[in-house]
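Asks: Got a structure here, written out as structure tokens. Questions coming.
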Amino acid sequence: SQEAMGIQDSIDKNNIDGSGYDFSELGLSIEKLINFLRTIEEKYTRENPYHNNTHGADVLQTFHTLLQMGGLEFVDSKLETFAMLIAAAIHDVGHPGRSNAFQINAKTDVALYYNDKSVLENMHASLAFRLLLGSKKQEELNLLDFCKEEELKKVRSMIIEGVLNTDMSKHFADISKVKGMCVDIDEAEEVSKENKEMALYYFLHMADISGQAKPHPLFINWTERITEELYAQGDEEKSLELPVSPLCDRDNHNVSKSQLSFVNYIVKPAFDLMGEFIPLVRDEVMPVLEDNLNYWKTEVNATEE
């Protein structure tokens with residue numbers, strides 16, 4: 001996309017890092033790709049401290065990094081790579097800064113529309129596809145116009161599944177599935193198509209919760225941003241007399257303790273598991289996670305002294 005942006009903005013190709021992905025053989029329109037990405041960026045809610053366009057770009061970059069670290073072994077075609085990169089770009093588009101629990105408890109329009117099931121994730125995917133397909137599609141944004149019918153079904157399916165898989169309520173179920181996948185990979189001569197796609201969806205989920213796997217001071221910055229957003233949600237829940245969601249009560253929440261638990265019981269085990277089939281994650285990411293875990297341990301100890 002960096003090369004595409006440069007070409008669109010008439011930047012000399014010699015000054016562009018072209019080490020990304022070449023999707024030219026797919027028939028992808030660079031102009032429509034740029035139009036779509038810029039529109040998606042505009043539709044991220046910039047006012048959100050956490051779920052904004054910066055988070056969207058960070059998850060896209062992190063997913064790309066996981067692919068380059070070894071994840072591409074689970075991709076069968078450039079079309080699949082393209083679909084998953086788009087899924088990463090759109091995964092939180094239009095996020096209102098209030099969680100699924102808030103939407104459901106407040107009985108918001110989006111919760112009612114999606115029947116309380118992966119409310120925001122469904123909304124993100126739907127918002128993106130309504131730009132491309134259906135009665136209100138915008139042809140100048142339709143970066144999928146090169147797809148034949150079967151290709152479109154494939155791309156649409158992978159994007160939707162990838163985005164839905166970022167729902168944190170599915171985390172532990174997904175962990176169990178991926179553990180089973182690792183057993184299958186060890187026992188089989190080659191990785192099945194189903195397991196390859198499961199791995200790609202898992203990589204996107206990991207990219208989405210990777211803030212605590214980033215080096216200092218980035219992991220602290222992401223913590224401050226999500227905490228600010230959660231506290232704002234808690235304030236609104238109190239004002240509406242709704243149940244205050246976990247981690248959202250600014251008057252009864254210890255950031256260091258919650259982050260220590262989050263890293264210890266959610267992030268670290270999940271990245272440990274990914275390290276079983278992407279060794280570079282084990283070698284390069286896990287030491288950063290260990291350092292960050294020790295930081296939160298020190299912070300917790302300091303508050304208890």
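Order determines the names: the first chain of the structure tokens is A, the second B, and so forth; residues in each chain are numbered 1 upward, and ligands are numbered 1 upward as they are shown.
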Give me the residues near stretch 275-286 of chain A as number ranges by chain, where near means some atom within 12 Å (using only C-alpha atoms) and where sequence neighbours in that chain fewer than 3 positions away do not count.
Replies: A: 62, 65-74, 178-179, 181-186, 191, 195-196, 199-200, 202-203, 206-207, 210-215, 263, 267-272, 289-293
Asks: Output as a tab-separated table one row per residue of stretch 48-68 of chain A within 8 Å of stretch 86-106 of chain A: the closest atom pair and its distance in Å to one decimal place, counting only C-alpha atoms, sorted by chain and residue number ascending.
Replies:
residue	atom	partner	partner_atom	distance
A:Asn48	CA	A:Gly97	CA	5.7
A:Tyr50	CA	A:Gly97	CA	7.7
A:His51	CA	A:Gly97	CA	6.2
A:Asn52	CA	A:His95	CA	7.5
A:Asn53	CA	A:Val93	CA	7.9
A:Gly56	CA	A:Ala89	CA	5.7
A:Ala57	CA	A:Ala89	CA	6.6
A:Val59	CA	A:Ala88	CA	6.2
A:Leu60	CA	A:Ala88	CA	4.9
A:Phe63	CA	A:Ala88	CA	7.1
Asks: Next, dump the selected residues to file, keeping only N, CA and C atoms, as an mmCIF file, in the first residue's frame.
Replies:
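Final output, selection_14.cif:
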data_model
loop_
_atom_site.group_PDB
_atom_site.id
_atom_site.type_symbol
_atom_site.label_atom_id
_atom_site.label_comp_id
_atom_site.auth_asym_id
_atom_site.auth_seq_id
_atom_site.Cartn_x
_atom_site.Cartn_y
_atom_site.Cartn_z
ATOM 1 N N ASN A 48 -11.854 8.731 19.356
ATOM 2 C CA ASN A 48 -11.625 7.644 20.313
ATOM 3 C C ASN A 48 -10.165 7.634 20.748
ATOM 4 N N TYR A 50 -8.537 5.094 21.850
ATOM 5 C CA TYR A 50 -7.923 3.815 21.481
ATOM 6 C C TYR A 50 -8.405 3.299 20.126
ATOM 7 N N HIS A 51 -9.698 3.095 19.981
ATOM 8 C CA HIS A 51 -10.238 2.487 18.748
ATOM 9 C C HIS A 51 -10.373 3.546 17.653
ATOM 10 N N ASN A 52 -9.231 3.968 17.141
ATOM 11 C CA ASN A 52 -9.201 5.011 16.120
ATOM 12 C C ASN A 52 -8.363 4.548 14.928
ATOM 13 N N ASN A 53 -8.104 5.457 14.004
ATOM 14 C CA ASN A 53 -7.373 5.086 12.791
ATOM 15 C C ASN A 53 -5.939 4.639 13.086
ATOM 16 N N GLY A 56 -6.179 1.046 13.918
ATOM 17 C CA GLY A 56 -6.386 0.291 12.692
ATOM 18 C C GLY A 56 -5.100 0.086 11.926
ATOM 19 N N ALA A 57 -4.300 1.143 11.809
ATOM 20 C CA ALA A 57 -3.022 1.053 11.099
ATOM 21 C C ALA A 57 -2.041 0.155 11.852
ATOM 22 N N VAL A 59 -2.741 -2.411 13.837
ATOM 23 C CA VAL A 59 -3.122 -3.822 13.678
ATOM 24 C C VAL A 59 -2.757 -4.316 12.281
ATOM 25 N N LEU A 60 -2.969 -3.487 11.269
ATOM 26 C CA LEU A 60 -2.578 -3.855 9.906
ATOM 27 C C LEU A 60 -1.068 -4.090 9.827
ATOM 28 N N PHE A 63 -0.169 -7.305 11.769
ATOM 29 C CA PHE A 63 -0.549 -8.511 11.020
ATOM 30 C C PHE A 63 0.439 -8.752 9.880
#
Asks: Just give me the gap between atom CA of A:Glu80 and atom CA of A:Arg156 in Å, one decimal is fine.
Replies: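 It comes out at 10.4 Å.
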Asks: Hey, what's within 12 Å of A:Glu299 if we count only C-alpha atoms and toss same-chain stuff fewer than 6 positions away? As a compact mmCIF listing (two decimals) with C-alpha atoms, in the first residue's frame, please?
Replies:
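That gives us part.txt:
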# COMPACT_ATOMS: atom_id res chain seq x y z
CA ILE A 220 2.33 1.94 28.13
CA ASN A 254 -6.13 -0.62 39.46
CA VAL A 255 -4.53 -0.27 36.03
CA SER A 256 -1.31 -2.09 36.92
CA LYS A 257 -3.12 -5.09 38.39
CA SER A 258 -5.51 -5.38 35.46
CA GLN A 259 -2.69 -5.15 32.93
CA LEU A 260 -0.65 -7.72 34.84
CA ASN A 292 6.55 -5.83 29.90
CA LEU A 293 5.16 -8.41 32.31
CA GLU A 305 4.18 -1.15 49.51
Asks: Compare A:Lys153, A:Cys248, A:Ala232, A:Pro243 by their minimum atom-to-atom distance to A:Glu47, counting only C-alpha atoms, and give me the closest one.
Replies: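 Counting only C-alpha atoms, the residue closest to A:Glu47 is A:Ala232.
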Asks: Between A:Leu79, A:Leu143, A:Leu204, A:Ile209, single out the one closest to A:His64, counting only C-alpha atoms.
Replies: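 Checking each of A:Leu79, A:Leu143, A:Leu204, A:Ile209 against A:His64, counting only C-alpha atoms, the winner is A:Leu204.
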Asks: Counting only C-alpha atoms, which residue out of A:Asp76, A:Val110, A:Lys32, A:Met198 sits closest to A:Asp145?
Replies: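 Looking at the shortest contact to A:Asp145, the residue is A:Lys32.
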Asks: So that I can check the surroundings of A:Cys147, please list as a PyMOL selection string every protein, DNA and RNA residue that reaches within 10 Å of it, counting only C-alpha atoms and ignoring chain neighbours fewer than 3 positions away.
Replies: chain A and resi 26-28+79+143-144+150-155
Asks: Please measure the separation of atom CA of A:Glu140 and atom CA of A:Met84, giving the value in Å to one decimal.
Replies: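 Spanning atom CA of A:Glu140 to atom CA of A:Met84 is a straight-line distance of 21.3 Å.
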Asks: Kindly give the distance, in Å, that separates atom CA of A:Phe219 and atom CA of A:Asp58, rounded to a single decimal.
Replies: 12.2 Å
